[in-house]
$ cat input-v2.pdb   # PDB, C-alpha atoms and all ligand atoms
ATOM      1  CA  MET Z   1     -40.781  -3.600  65.352
ATOM      2  CA  ASP Z   2     -40.513  -6.996  67.053
ATOM      3  CA  MET Z   3     -36.866  -7.464  68.029
ATOM      4  CA  GLY Z   4     -37.300 -11.242  67.973
ATOM      5  CA  ILE Z   5     -35.494 -11.815  71.270
ATOM      6  CA  ALA Z   6     -38.340 -12.502  73.717
ATOM      7  CA  GLY Z   7     -37.395 -15.371  76.037
ATOM      8  CA  LYS Z   8     -33.620 -14.957  75.524
ATOM      9  CA  ARG Z   9     -31.326 -14.452  78.548
ATOM     10  CA  ALA Z  10     -28.931 -11.519  78.906
ATOM     11  CA  LEU Z  11     -26.113 -10.634  81.271
ATOM     12  CA  VAL Z  12     -25.977  -6.859  81.625
ATOM     13  CA  CYS Z  13     -22.911  -5.815  83.610
ATOM     14  CA  ALA Z  14     -22.833  -2.675  85.751
ATOM     15  CA  SER Z  15     -26.545  -2.155  85.298
ATOM     16  CA  SER Z  16     -28.074  -0.716  88.477
ATOM     17  CA  LYS Z  17     -27.861   2.835  87.092
ATOM     18  CA  GLY Z  18     -27.096   4.883  84.026
ATOM     19  CA  LEU Z  19     -26.421   3.393  80.603
ATOM     20  CA  GLY Z  20     -26.248  -0.212  81.856
ATOM     21  CA  ARG Z  21     -29.662   0.150  83.424
ATOM     22  CA  GLY Z  22     -30.974   1.725  80.211
ATOM     23  CA  CYS Z  23     -29.800  -1.374  78.313
ATOM     24  CA  ALA Z  24     -31.337  -3.713  80.918
ATOM     25  CA  GLU Z  25     -34.682  -1.869  80.741
ATOM     26  CA  ALA Z  26     -34.779  -1.916  76.942
ATOM     27  CA  LEU Z  27     -33.941  -5.626  76.746
ATOM     28  CA  ALA Z  28     -36.541  -6.440  79.413
ATOM     29  CA  ALA Z  29     -39.114  -4.474  77.414
ATOM     30  CA  GLU Z  30     -38.436  -6.945  74.571
ATOM     31  CA  GLY Z  31     -39.108  -9.897  76.901
ATOM     32  CA  VAL Z  32     -35.469 -10.760  77.640
ATOM     33  CA  HIS Z  33     -34.709 -12.345  81.046
ATOM     34  CA  LEU Z  34     -31.862 -10.622  82.850
ATOM     35  CA  VAL Z  35     -28.844 -11.165  85.036
ATOM     36  CA  MET Z  36     -28.040  -7.712  86.428
ATOM     37  CA  ASN Z  37     -24.881  -6.723  88.256
ATOM     38  CA  ALA Z  38     -23.402  -3.870  90.295
ATOM     39  CA  ARG Z  39     -21.171  -3.451  93.364
ATOM     40  CA  GLY Z  40     -23.829  -1.830  95.539
ATOM     41  CA  SER Z  41     -26.881  -3.918  96.387
ATOM     42  CA  GLU Z  42     -29.426  -1.188  97.189
ATOM     43  CA  ALA Z  43     -29.707   0.432  93.764
ATOM     44  CA  LEU Z  44     -29.332  -2.968  92.084
ATOM     45  CA  GLU Z  45     -32.278  -4.505  93.964
ATOM     46  CA  GLU Z  46     -34.353  -1.370  93.375
ATOM     47  CA  ALA Z  47     -33.628  -1.500  89.626
ATOM     48  CA  ALA Z  48     -34.319  -5.242  89.427
ATOM     49  CA  ALA Z  49     -37.648  -4.886  91.251
ATOM     50  CA  ALA Z  50     -38.727  -2.015  88.993
ATOM     51  CA  ILE Z  51     -37.846  -4.000  85.856
ATOM     52  CA  ARG Z  52     -39.648  -7.157  87.071
ATOM     53  CA  ALA Z  53     -42.737  -5.094  87.860
ATOM     54  CA  ALA Z  54     -42.714  -3.204  84.567
ATOM     55  CA  HIS Z  55     -41.882  -6.030  82.167
ATOM     56  CA  GLY Z  56     -42.676  -9.344  83.917
ATOM     57  CA  VAL Z  57     -39.310 -10.899  83.026
ATOM     58  CA  GLU Z  58     -37.066 -12.928  85.346
ATOM     59  CA  VAL Z  59     -34.309 -10.787  86.840
ATOM     60  CA  VAL Z  60     -31.454 -12.281  88.868
ATOM     61  CA  THR Z  61     -29.035  -9.927  90.619
ATOM     62  CA  VAL Z  62     -25.360 -10.438  91.438
ATOM     63  CA  VAL Z  63     -23.559  -7.995  93.720
ATOM     64  CA  ALA Z  64     -19.932  -8.054  92.569
ATOM     65  CA  ASP Z  65     -17.139  -5.897  91.221
ATOM     66  CA  ILE Z  66     -17.071  -7.021  87.603
ATOM     67  CA  THR Z  67     -13.519  -5.721  87.158
ATOM     68  CA  THR Z  68     -12.088  -8.344  89.532
ATOM     69  CA  GLU Z  69     -11.486 -12.012  88.777
ATOM     70  CA  GLU Z  70     -13.503 -13.005  91.866
ATOM     71  CA  GLY Z  71     -16.385 -10.748  90.873
ATOM     72  CA  ARG Z  72     -16.493 -12.115  87.345
ATOM     73  CA  ALA Z  73     -16.413 -15.716  88.611
ATOM     74  CA  LYS Z  74     -19.400 -14.960  90.872
ATOM     75  CA  VAL Z  75     -21.349 -13.338  88.032
ATOM     76  CA  LEU Z  76     -20.522 -16.082  85.511
ATOM     77  CA  LYS Z  77     -21.585 -18.823  87.943
ATOM     78  CA  VAL Z  78     -25.019 -17.258  88.310
ATOM     79  CA  ALA Z  79     -25.346 -16.288  84.658
ATOM     80  CA  GLY Z  80     -24.622 -19.728  83.207
ATOM     81  CA  ALA Z  81     -25.430 -19.878  79.493
ATOM     82  CA  VAL Z  82     -26.631 -16.486  78.270
ATOM     83  CA  ASP Z  83     -27.591 -15.439  74.749
ATOM     84  CA  ILE Z  84     -26.719 -11.764  75.147
ATOM     85  CA  LEU Z  85     -23.799 -10.061  76.922
ATOM     86  CA  VAL Z  86     -23.684  -6.321  77.557
ATOM     87  CA  ASN Z  87     -20.232  -5.336  78.784
ATOM     88  CA  ASN Z  88     -20.042  -2.286  81.012
ATOM     89  CA  ALA Z  89     -18.175  -0.959  84.069
ATOM     90  CA  GLY Z  90     -17.416   2.407  85.599
ATOM     91  CA  GLY Z  91     -15.043   4.642  83.639
ATOM     92  CA  PRO Z  92     -11.532   5.641  84.772
ATOM     93  CA  PRO Z  93     -11.066   8.985  86.566
ATOM     94  CA  PRO Z  94      -9.985  12.122  84.685
ATOM     95  CA  GLY Z  95      -6.470  13.508  85.107
ATOM     96  CA  MET Z  96      -3.278  14.701  83.418
ATOM     97  CA  TRP Z  97      -1.162  12.654  80.983
ATOM     98  CA  CYS Z  98       2.005  13.260  83.017
ATOM     99  CA  ASP Z  99       0.516  12.049  86.314
ATOM    100  CA  TRP Z 100      -0.627   8.554  85.330
ATOM    101  CA  GLU Z 101       1.625   5.752  86.537
ATOM    102  CA  ARG Z 102       1.778   2.094  85.469
ATOM    103  CA  GLU Z 103      -0.700   1.119  88.224
ATOM    104  CA  ASP Z 104      -3.249   3.634  86.933
ATOM    105  CA  PHE Z 105      -3.026   2.130  83.444
ATOM    106  CA  ILE Z 106      -3.257  -1.444  84.771
ATOM    107  CA  LYS Z 107      -6.427  -0.504  86.674
ATOM    108  CA  ALA Z 108      -7.999   1.149  83.617
ATOM    109  CA  LEU Z 109      -7.003  -1.729  81.335
ATOM    110  CA  ASP Z 110      -8.417  -4.246  83.816
ATOM    111  CA  ALA Z 111     -11.743  -2.427  84.055
ATOM    112  CA  ASN Z 112     -12.372  -1.272  80.506
ATOM    113  CA  MET Z 113     -10.396  -3.668  78.304
ATOM    114  CA  LEU Z 114      -9.486  -6.948  80.031
ATOM    115  CA  THR Z 115     -12.820  -7.388  81.859
ATOM    116  CA  PRO Z 116     -14.964  -7.290  78.700
ATOM    117  CA  ILE Z 117     -12.424  -9.515  76.950
ATOM    118  CA  ALA Z 118     -12.565 -12.057  79.807
ATOM    119  CA  LEU Z 119     -16.380 -12.116  79.669
ATOM    120  CA  ILE Z 120     -16.362 -12.484  75.880
ATOM    121  CA  LYS Z 121     -13.940 -15.410  76.216
ATOM    122  CA  ALA Z 122     -16.119 -17.015  78.881
ATOM    123  CA  LEU Z 123     -19.514 -16.633  77.179
ATOM    124  CA  VAL Z 124     -19.018 -16.486  73.405
ATOM    125  CA  PRO Z 125     -17.941 -20.145  72.985
ATOM    126  CA  GLY Z 126     -21.351 -21.273  74.351
ATOM    127  CA  MET Z 127     -23.152 -18.810  72.061
ATOM    128  CA  MET Z 128     -21.188 -20.208  69.082
ATOM    129  CA  GLU Z 129     -22.117 -23.769  70.021
ATOM    130  CA  ARG Z 130     -25.783 -22.792  70.205
ATOM    131  CA  GLY Z 131     -25.455 -20.855  66.913
ATOM    132  CA  TRP Z 132     -26.739 -17.497  68.175
ATOM    133  CA  GLY Z 133     -25.412 -14.714  70.373
ATOM    134  CA  ARG Z 134     -25.058 -10.964  70.753
ATOM    135  CA  VAL Z 135     -22.398  -8.928  72.533
ATOM    136  CA  VAL Z 136     -22.567  -5.161  72.985
ATOM    137  CA  ASN Z 137     -19.643  -3.384  74.603
ATOM    138  CA  ILE Z 138     -20.294   0.041  76.086
ATOM    139  CA  THR Z 139     -17.143   2.020  75.263
ATOM    140  CA  SER Z 140     -16.974   5.784  74.675
ATOM    141  CA  GLN Z 141     -16.898   8.545  72.092
ATOM    142  CA  SER Z 142     -13.260   8.868  73.175
ATOM    143  CA  VAL Z 143     -12.507   5.939  70.839
ATOM    144  CA  LYS Z 144     -13.264   8.222  67.864
ATOM    145  CA  ALA Z 145     -12.086  11.547  69.275
ATOM    146  CA  PRO Z 146      -9.913  11.721  72.389
ATOM    147  CA  LEU Z 147     -10.993  13.559  75.520
ATOM    148  CA  ALA Z 148      -7.638  14.743  76.833
ATOM    149  CA  VAL Z 149      -8.499  14.521  80.531
ATOM    150  CA  LEU Z 150      -9.743  10.955  80.045
ATOM    151  CA  GLY Z 151      -6.472   9.542  78.717
ATOM    152  CA  LEU Z 152      -6.839   6.353  80.763
ATOM    153  CA  SER Z 153     -10.232   5.774  79.178
ATOM    154  CA  ASN Z 154      -8.952   6.668  75.677
ATOM    155  CA  SER Z 155      -6.166   4.105  76.033
ATOM    156  CA  ALA Z 156      -8.107   1.193  77.533
ATOM    157  CA  ARG Z 157     -11.104   1.538  75.240
ATOM    158  CA  ALA Z 158      -8.902   1.769  72.136
ATOM    159  CA  GLY Z 159      -7.405  -1.588  73.201
ATOM    160  CA  LEU Z 160     -10.831  -3.210  73.516
ATOM    161  CA  THR Z 161     -11.860  -1.741  70.160
ATOM    162  CA  GLY Z 162      -8.882  -3.363  68.466
ATOM    163  CA  TYR Z 163      -9.690  -6.732  70.041
ATOM    164  CA  VAL Z 164     -13.353  -6.548  69.010
ATOM    165  CA  ALA Z 165     -12.460  -5.546  65.420
ATOM    166  CA  GLY Z 166     -10.731  -8.876  64.822
ATOM    167  CA  THR Z 167     -12.721 -11.129  67.140
ATOM    168  CA  SER Z 168     -16.140 -10.053  65.852
ATOM    169  CA  ARG Z 169     -15.146 -11.226  62.372
ATOM    170  CA  GLN Z 170     -13.949 -14.577  63.684
ATOM    171  CA  VAL Z 171     -17.223 -15.454  65.413
ATOM    172  CA  ALA Z 172     -19.857 -13.901  63.111
ATOM    173  CA  GLY Z 173     -20.047 -17.054  60.993
ATOM    174  CA  LYS Z 174     -21.383 -18.920  64.019
ATOM    175  CA  GLY Z 175     -24.213 -16.469  64.539
ATOM    176  CA  VAL Z 176     -22.485 -14.411  67.243
ATOM    177  CA  ILE Z 177     -22.534 -10.675  66.608
ATOM    178  CA  ILE Z 178     -20.252  -8.319  68.539
ATOM    179  CA  ASN Z 179     -20.465  -4.524  68.308
ATOM    180  CA  ASN Z 180     -19.482  -1.484  70.349
ATOM    181  CA  LEU Z 181     -21.741   1.383  71.381
ATOM    182  CA  LEU Z 182     -19.890   4.666  71.895
ATOM    183  CA  PRO Z 183     -21.723   7.052  74.228
ATOM    184  CA  GLY Z 184     -21.191  10.752  73.980
ATOM    185  CA  ILE Z 185     -22.472  12.707  76.957
ATOM    186  CA  HIS Z 186     -25.546  11.118  78.557
ATOM    187  CA  ASP Z 187     -27.533  12.250  81.549
ATOM    188  CA  THR Z 188     -26.214   9.838  84.223
ATOM    189  CA  ASP Z 189     -24.261  10.004  87.496
ATOM    190  CA  ARG Z 190     -21.066   9.786  85.446
ATOM    191  CA  ALA Z 191     -22.031  12.975  83.569
ATOM    192  CA  THR Z 192     -22.837  14.705  86.863
ATOM    193  CA  ALA Z 193     -19.396  13.734  88.188
ATOM    194  CA  LEU Z 194     -17.699  15.071  85.032
ATOM    195  CA  ASP Z 195     -19.705  18.318  85.237
ATOM    196  CA  GLY Z 196     -18.728  18.563  88.909
ATOM    197  CA  GLY Z 197     -15.072  18.492  87.822
ATOM    198  CA  VAL Z 198     -15.642  21.299  85.300
ATOM    199  CA  SER Z 199     -17.634  23.341  87.823
ATOM    200  CA  LYS Z 200     -14.798  23.091  90.356
ATOM    201  CA  ALA Z 201     -11.975  23.702  87.882
ATOM    202  CA  GLU Z 202     -13.654  26.741  86.270
ATOM    203  CA  GLY Z 203     -15.417  28.182  89.334
ATOM    204  CA  ILE Z 204     -18.864  27.965  87.706
ATOM    205  CA  THR Z 205     -22.118  26.406  88.931
ATOM    206  CA  MET Z 206     -23.203  22.885  87.971
ATOM    207  CA  ASP Z 207     -26.005  24.340  85.824
ATOM    208  CA  GLU Z 208     -23.499  26.555  84.021
ATOM    209  CA  ALA Z 209     -21.127  23.632  83.480
ATOM    210  CA  ARG Z 210     -23.969  21.542  82.062
ATOM    211  CA  ALA Z 211     -25.281  24.330  79.821
ATOM    212  CA  LYS Z 212     -21.757  24.939  78.544
ATOM    213  CA  ARG Z 213     -21.327  21.275  77.623
ATOM    214  CA  ALA Z 214     -24.818  20.986  76.105
ATOM    215  CA  ALA Z 215     -24.070  23.993  73.889
ATOM    216  CA  THR Z 216     -21.227  22.014  72.245
ATOM    217  CA  ILE Z 217     -23.665  19.283  71.119
ATOM    218  CA  PRO Z 218     -25.611  19.846  67.861
ATOM    219  CA  ALA Z 219     -28.658  18.135  69.434
ATOM    220  CA  GLY Z 220     -28.414  20.811  72.172
ATOM    221  CA  ARG Z 221     -28.864  18.379  75.055
ATOM    222  CA  TYR Z 222     -27.502  15.325  76.814
ATOM    223  CA  GLY Z 223     -28.570  11.844  75.682
ATOM    224  CA  THR Z 224     -30.822   9.683  77.832
ATOM    225  CA  ALA Z 225     -30.251   6.178  79.147
ATOM    226  CA  ALA Z 226     -33.521   5.124  77.462
ATOM    227  CA  GLU Z 227     -32.269   6.237  74.030
ATOM    228  CA  PHE Z 228     -29.010   4.432  74.640
ATOM    229  CA  GLY Z 229     -30.824   1.277  75.773
ATOM    230  CA  ALA Z 230     -33.002   1.266  72.651
ATOM    231  CA  ALA Z 231     -29.896   1.261  70.434
ATOM    232  CA  CYS Z 232     -28.468  -1.577  72.509
ATOM    233  CA  ALA Z 233     -31.671  -3.630  72.210
ATOM    234  CA  PHE Z 234     -31.584  -3.192  68.432
ATOM    235  CA  LEU Z 235     -27.966  -4.414  68.255
ATOM    236  CA  CYS Z 236     -29.044  -7.431  70.347
ATOM    237  CA  SER Z 237     -32.011  -8.122  68.085
ATOM    238  CA  THR Z 238     -32.471 -10.657  65.321
ATOM    239  CA  HIS Z 239     -32.345  -7.733  62.848
ATOM    240  CA  ALA Z 240     -28.720  -6.887  63.652
ATOM    241  CA  GLY Z 241     -27.146 -10.074  62.302
ATOM    242  CA  PHE Z 242     -25.337  -8.259  59.456
ATOM    243  CA  ILE Z 243     -23.859  -5.480  61.645
ATOM    244  CA  VAL Z 244     -20.467  -6.902  62.587
ATOM    245  CA  GLY Z 245     -17.661  -5.275  64.578
ATOM    246  CA  GLN Z 246     -19.008  -1.745  64.268
ATOM    247  CA  ASN Z 247     -18.428   1.268  66.511
ATOM    248  CA  ILE Z 248     -21.690   3.135  66.734
ATOM    249  CA  LEU Z 249     -21.559   6.653  68.096
ATOM    250  CA  LEU Z 250     -24.481   8.011  70.135
ATOM    251  CA  ASP Z 251     -23.378  11.588  70.735
ATOM    252  CA  GLY Z 252     -26.039  13.997  69.460
ATOM    253  CA  GLY Z 253     -23.637  14.963  66.649
ATOM    254  CA  ALA Z 254     -20.922  16.159  69.050
ATOM    255  CA  ILE Z 255     -18.027  14.678  67.100
ATOM    256  CA  ASN Z 256     -17.712  16.743  63.946
ATOM    257  CA  ALA Z 257     -16.652  14.125  61.416
ATOM    258  CA  THR Z 258     -18.059  12.908  58.094
ATOM    259  CA  LEU Z 259     -17.321   9.234  58.844
TER     260      LEU Z 259
HETATM  261  P1  LIG Z 301     -23.042   5.581  86.026
HETATM  262  O1  LIG Z 301     -24.306   6.325  85.806
HETATM  263  O2  LIG Z 301     -22.059   6.070  87.013
HETATM  264  O3  LIG Z 301     -23.440   4.053  86.350
HETATM  265  C1  LIG Z 301     -22.450   3.113  86.513
HETATM  266  C2  LIG Z 301     -23.121   1.789  86.842
HETATM  267  O4  LIG Z 301     -22.118   0.782  86.824
HETATM  268  C3  LIG Z 301     -23.741   1.726  88.226
HETATM  269  O5  LIG Z 301     -24.825   0.822  88.181
HETATM  270  C4  LIG Z 301     -22.604   1.167  89.074
HETATM  271  O6  LIG Z 301     -23.100   0.576  90.263
HETATM  272  C5  LIG Z 301     -22.039   0.146  88.102
HETATM  273  N1  LIG Z 301     -20.614  -0.147  88.285
HETATM  274  C6  LIG Z 301     -19.583   0.741  88.260
HETATM  275  N2  LIG Z 301     -18.426   0.095  88.435
HETATM  276  C7  LIG Z 301     -18.721  -1.224  88.558
HETATM  277  C8  LIG Z 301     -17.948  -2.382  88.772
HETATM  278  N3  LIG Z 301     -16.619  -2.308  88.893
HETATM  279  N4  LIG Z 301     -18.557  -3.592  88.863
HETATM  280  C9  LIG Z 301     -19.912  -3.672  88.734
HETATM  281  N5  LIG Z 301     -20.700  -2.602  88.538
HETATM  282  C10 LIG Z 301     -20.119  -1.386  88.458
HETATM  283  O7  LIG Z 301     -22.199   5.487  84.647
HETATM  284  P2  LIG Z 301     -22.716   5.618  83.143
HETATM  285  O8  LIG Z 301     -22.810   7.044  82.780
HETATM  286  O9  LIG Z 301     -23.864   4.738  82.937
HETATM  287  O10 LIG Z 301     -21.443   5.075  82.348
HETATM  288  C11 LIG Z 301     -21.302   3.716  81.965
HETATM  289  C12 LIG Z 301     -20.010   3.602  81.153
HETATM  290  O11 LIG Z 301     -20.115   4.436  79.983
HETATM  291  C13 LIG Z 301     -18.779   4.069  81.908
HETATM  292  O12 LIG Z 301     -17.682   3.254  81.567
HETATM  293  C14 LIG Z 301     -18.562   5.463  81.381
HETATM  294  O13 LIG Z 301     -17.213   5.874  81.455
HETATM  295  C15 LIG Z 301     -19.003   5.307  79.940
HETATM  296  N6  LIG Z 301     -19.389   6.588  79.353
HETATM  297  C16 LIG Z 301     -20.398   7.310  79.871
HETATM  298  C17 LIG Z 301     -20.728   8.521  79.288
HETATM  299  C18 LIG Z 301     -21.838   9.375  79.850
HETATM  300  O14 LIG Z 301     -22.012  10.499  79.405
HETATM  301  N7  LIG Z 301     -22.628   8.920  80.783
HETATM  302  C19 LIG Z 301     -20.013   8.993  78.180
HETATM  303  C20 LIG Z 301     -18.978   8.228  77.669
HETATM  304  C21 LIG Z 301     -18.663   7.024  78.266
HETATM  305  P3  LIG Z 301     -22.143   0.433  91.574
HETATM  306  O15 LIG Z 301     -21.473   1.743  91.747
HETATM  307  O16 LIG Z 301     -23.074   0.041  92.669
HETATM  308  O17 LIG Z 301     -21.179  -0.669  91.240
END

$ encode --input "input-v2.pdb" --output "structure tokens" --more "lines below"
Ligand code: NAP
Amino acid sequence: MDMGIAGKRALVCASSKGLGRGCAEALAAEGVHLVMNARGSEALEEAAAAIRAAHGVEVVTVVADITTEEGRAKVLKVAGAVDILVNNAGGPPPGMWCDWEREDFIKALDANMLTPIALIKALVPGMMERGWGRVVNITSQSVKAPLAVLGLSNSARAGLTGYVAGTSRQVAGKGVIINNLLPGIHDTDRATALDGGVSKAEGITMDEARAKRAATIPAGRYGTAAEFGAACAFLCSTHAGFIVGQNILLDGGAINATL
């Protein structure tokens, strides 16, 4: 299927590795030119070079912490007018509900709620003027079913979800489509870090921790960044114009719910 987005420009935040990179790769495969971002330059340049070589699209890189005002300003200056925005950043650390202080919440809200909102506010007006745009926010399965140790993530992502629910309906009439993708467990560095926590807490090996988690997923395995990226590319495509403000779970069936 032709996604109809060849020649468009996308900003993919936090995209040197993992799910962000999966989205960047899938968009590039559809002929979309990219602005890629991460804090570390080495992996970012390596990813950008691989994508240029594989797909022949233009890829500009911006080394910046997207969760800071300075970082966003740097990224936005380079990005200019983009047609597609993929919001992403690292997730908050795990912990215990009684240990989190105000500062921990402010940090999580800044990273996983206020950063995507700031980028939406900066880039969606231009998309509306041009009559076409796509925004995909990478959130988490924790929006549908809480992960107790990730309370900071549960809280911040629920806030973003509420904002997107209303905003997406206000801008859809101008051709701008905003949706959220909710990853369940995917095979990335983040998953390795989470499995490391389980391995330490339960005194089991990494392989055992991973097998234990995989056994809770009906698909019997972790998701891949490529699968995640393909879903993102579809939501950014011309075919997704009637999918507005949705929360789409990619979790291998892990959340046991009818709706
Ligand atoms: P990952 O493999 O650790 O990759 C994170 C990427 O984001 C890297 O490219 C990293 O590069 C970049 N990054 C992190 N913080 C950044 C920042 N402040 N500014 C700019 N770039 C930043 O993580 P992932 O698994 O792809 O996860 C992506 C998001 O999905 C996270 O919010 C995570 O919580 C959420 N999620 C993941 C899963 C999963 O199973 N993987 C499940 C549910 C939710 P630098 O470190 O160089 O900046």

$ resolve_selection --input "input-v2.pdb" --expression "the PyMOL selection byres (((chain Z and resi 193) around 12) and not hetatm)" --output "mmCIF file with C-alpha atoms, keeping the file's coordinate frame"
data_model
loop_
_atom_site.group_PDB
_atom_site.id
_atom_site.type_symbol
_atom_site.label_atom_id
_atom_site.label_comp_id
_atom_site.auth_asym_id
_atom_site.auth_seq_id
_atom_site.Cartn_x
_atom_site.Cartn_y
_atom_site.Cartn_z
ATOM 1 C CA GLY Z 90 -17.416 2.407 85.599
ATOM 2 C CA GLY Z 91 -15.043 4.642 83.639
ATOM 3 C CA PRO Z 92 -11.532 5.641 84.772
ATOM 4 C CA PRO Z 93 -11.066 8.985 86.566
ATOM 5 C CA PRO Z 94 -9.985 12.122 84.685
ATOM 6 C CA ILE Z 185 -22.472 12.707 76.957
ATOM 7 C CA HIS Z 186 -25.546 11.118 78.557
ATOM 8 C CA ASP Z 187 -27.533 12.250 81.549
ATOM 9 C CA THR Z 188 -26.214 9.838 84.223
ATOM 10 C CA ASP Z 189 -24.261 10.004 87.496
ATOM 11 C CA ARG Z 190 -21.066 9.786 85.446
ATOM 12 C CA ALA Z 191 -22.031 12.975 83.569
ATOM 13 C CA THR Z 192 -22.837 14.705 86.863
ATOM 14 C CA LEU Z 194 -17.699 15.071 85.032
ATOM 15 C CA ASP Z 195 -19.705 18.318 85.237
ATOM 16 C CA GLY Z 196 -18.728 18.563 88.909
ATOM 17 C CA GLY Z 197 -15.072 18.492 87.822
ATOM 18 C CA VAL Z 198 -15.642 21.299 85.300
ATOM 19 C CA SER Z 199 -17.634 23.341 87.823
ATOM 20 C CA LYS Z 200 -14.798 23.091 90.356
ATOM 21 C CA MET Z 206 -23.203 22.885 87.971
ATOM 22 C CA ALA Z 209 -21.127 23.632 83.480
ATOM 23 C CA ARG Z 210 -23.969 21.542 82.062
#

$ atom_distance --input "input-v2.pdb" --atom1 "atom CA of Leu34 of chain Z" --atom2 "atom CA of Val135 of chain Z"
14.1 Å

$ residues_near_ligand --input "input-v2.pdb" --ligand "ligand LIG 301 (chain Z)" --cutoff "7 Å" --atoms "only C-alpha atoms and all ligand atoms" --output "PDB file with C-alpha atoms, in the coordinates of the input"
ATOM      1  CA  CYS Z  13     -22.911  -5.815  83.610  1.00  0.00           C
ATOM      2  CA  ALA Z  14     -22.833  -2.675  85.751  1.00  0.00           C
ATOM      3  CA  SER Z  15     -26.545  -2.155  85.298  1.00  0.00           C
ATOM      4  CA  SER Z  16     -28.074  -0.716  88.477  1.00  0.00           C
ATOM      5  CA  LYS Z  17     -27.861   2.835  87.092  1.00  0.00           C
ATOM      6  CA  GLY Z  18     -27.096   4.883  84.026  1.00  0.00           C
ATOM      7  CA  LEU Z  19     -26.421   3.393  80.603  1.00  0.00           C
ATOM      8  CA  GLY Z  20     -26.248  -0.212  81.856  1.00  0.00           C
ATOM      9  CA  ARG Z  21     -29.662   0.150  83.424  1.00  0.00           C
ATOM     10  CA  ASN Z  37     -24.881  -6.723  88.256  1.00  0.00           C
ATOM     11  CA  ALA Z  38     -23.402  -3.870  90.295  1.00  0.00           C
ATOM     12  CA  ARG Z  39     -21.171  -3.451  93.364  1.00  0.00           C
ATOM     13  CA  GLY Z  40     -23.829  -1.830  95.539  1.00  0.00           C
ATOM     14  CA  SER Z  41     -26.881  -3.918  96.387  1.00  0.00           C
ATOM     15  CA  ALA Z  43     -29.707   0.432  93.764  1.00  0.00           C
ATOM     16  CA  LEU Z  44     -29.332  -2.968  92.084  1.00  0.00           C
ATOM     17  CA  ALA Z  64     -19.932  -8.054  92.569  1.00  0.00           C
ATOM     18  CA  ASP Z  65     -17.139  -5.897  91.221  1.00  0.00           C
ATOM     19  CA  ILE Z  66     -17.071  -7.021  87.603  1.00  0.00           C
ATOM     20  CA  THR Z  67     -13.519  -5.721  87.158  1.00  0.00           C
ATOM     21  CA  ASN Z  88     -20.042  -2.286  81.012  1.00  0.00           C
ATOM     22  CA  ALA Z  89     -18.175  -0.959  84.069  1.00  0.00           C
ATOM     23  CA  GLY Z  90     -17.416   2.407  85.599  1.00  0.00           C
ATOM     24  CA  GLY Z  91     -15.043   4.642  83.639  1.00  0.00           C
ATOM     25  CA  PRO Z  92     -11.532   5.641  84.772  1.00  0.00           C
ATOM     26  CA  ALA Z 111     -11.743  -2.427  84.055  1.00  0.00           C
ATOM     27  CA  ILE Z 138     -20.294   0.041  76.086  1.00  0.00           C
ATOM     28  CA  THR Z 139     -17.143   2.020  75.263  1.00  0.00           C
ATOM     29  CA  SER Z 140     -16.974   5.784  74.675  1.00  0.00           C
ATOM     30  CA  GLN Z 141     -16.898   8.545  72.092  1.00  0.00           C
ATOM     31  CA  LEU Z 182     -19.890   4.666  71.895  1.00  0.00           C
ATOM     32  CA  PRO Z 183     -21.723   7.052  74.228  1.00  0.00           C
ATOM     33  CA  GLY Z 184     -21.191  10.752  73.980  1.00  0.00           C
ATOM     34  CA  ILE Z 185     -22.472  12.707  76.957  1.00  0.00           C
ATOM     35  CA  HIS Z 186     -25.546  11.118  78.557  1.00  0.00           C
ATOM     36  CA  ASP Z 187     -27.533  12.250  81.549  1.00  0.00           C
ATOM     37  CA  THR Z 188     -26.214   9.838  84.223  1.00  0.00           C
ATOM     38  CA  ASP Z 189     -24.261  10.004  87.496  1.00  0.00           C
ATOM     39  CA  ARG Z 190     -21.066   9.786  85.446  1.00  0.00           C
ATOM     40  CA  ALA Z 191     -22.031  12.975  83.569  1.00  0.00           C
TER      41      ALA Z 191
END

$ atom_distance --input "input-v2.pdb" --atom1 "atom CA of Asp110 of chain Z" --atom2 "atom CA of Val143 of chain Z"
17.0 Å

$ closest_residue --input "input-v2.pdb" --among "Z:Ala145, Z:Met96, Z:Cys232, Z:Ala122" --to "Val12 of chain Z" --atoms "only C-alpha atoms"
Z:Cys232

$ atom_distance --input "input-v2.pdb" --atom1 "atom CA of Glu227 of chain Z" --atom2 "atom CA of Gly31 of chain Z"
17.8 Å

$ residues_around --input "input-v2.pdb" --residues "Ala79 of chain Z" --least-positions-apart "2" --cutoff "9 Å" --atoms "only C-alpha atoms" --output "list in words"
Arg9, Ala10, Leu11, Leu34, Val35, Val60, Val62, Lys74, Val75, Leu76, Lys77, Ala81 and Val82 of chain Z

$ resolve_selection --input "input-v2.pdb" --expression "the PyMOL selection byres (((chain Z and resi 144) around 12) and not hetatm)" --output "ChimeraX atom specification"
/Z:139-143,145-147,153-155,157-158,161,180-184,247-251,254-259

$ residues_around --input "input-v2.pdb" --residues "Ser237 of chain Z" --least-positions-apart "6" --cutoff "8 Å" --atoms "all atoms listed in the file" --output "count of residues only"
4

$ closest_residue --input "input-v2.pdb" --among "Z:Gly151, Z:Pro125, Z:Gly133, Z:Gly71" --to "Trp100 of chain Z" --atoms "only C-alpha atoms"
Z:Gly151

$ resolve_selection --input "input-v2.pdb" --expression "the PyMOL selection byres (((chain Z and resi 160) around 8) and not hetatm)" --output "PyMOL selection string"
chain Z and resi 112-114+116-117+156-159+161-164

$ closest_residue --input "input-v2.pdb" --among "Z:Gly175, Z:Gly22, Z:Gly229, Z:Gly223" --to "Ile243 of chain Z" --atoms "only C-alpha atoms"
Z:Gly175

$ closest_residue --input "input-v2.pdb" --among "Z:Lys8, Z:Arg52, Z:Lys212, Z:Lys107" --to "Val32 of chain Z" --atoms "only C-alpha atoms"
Z:Lys8
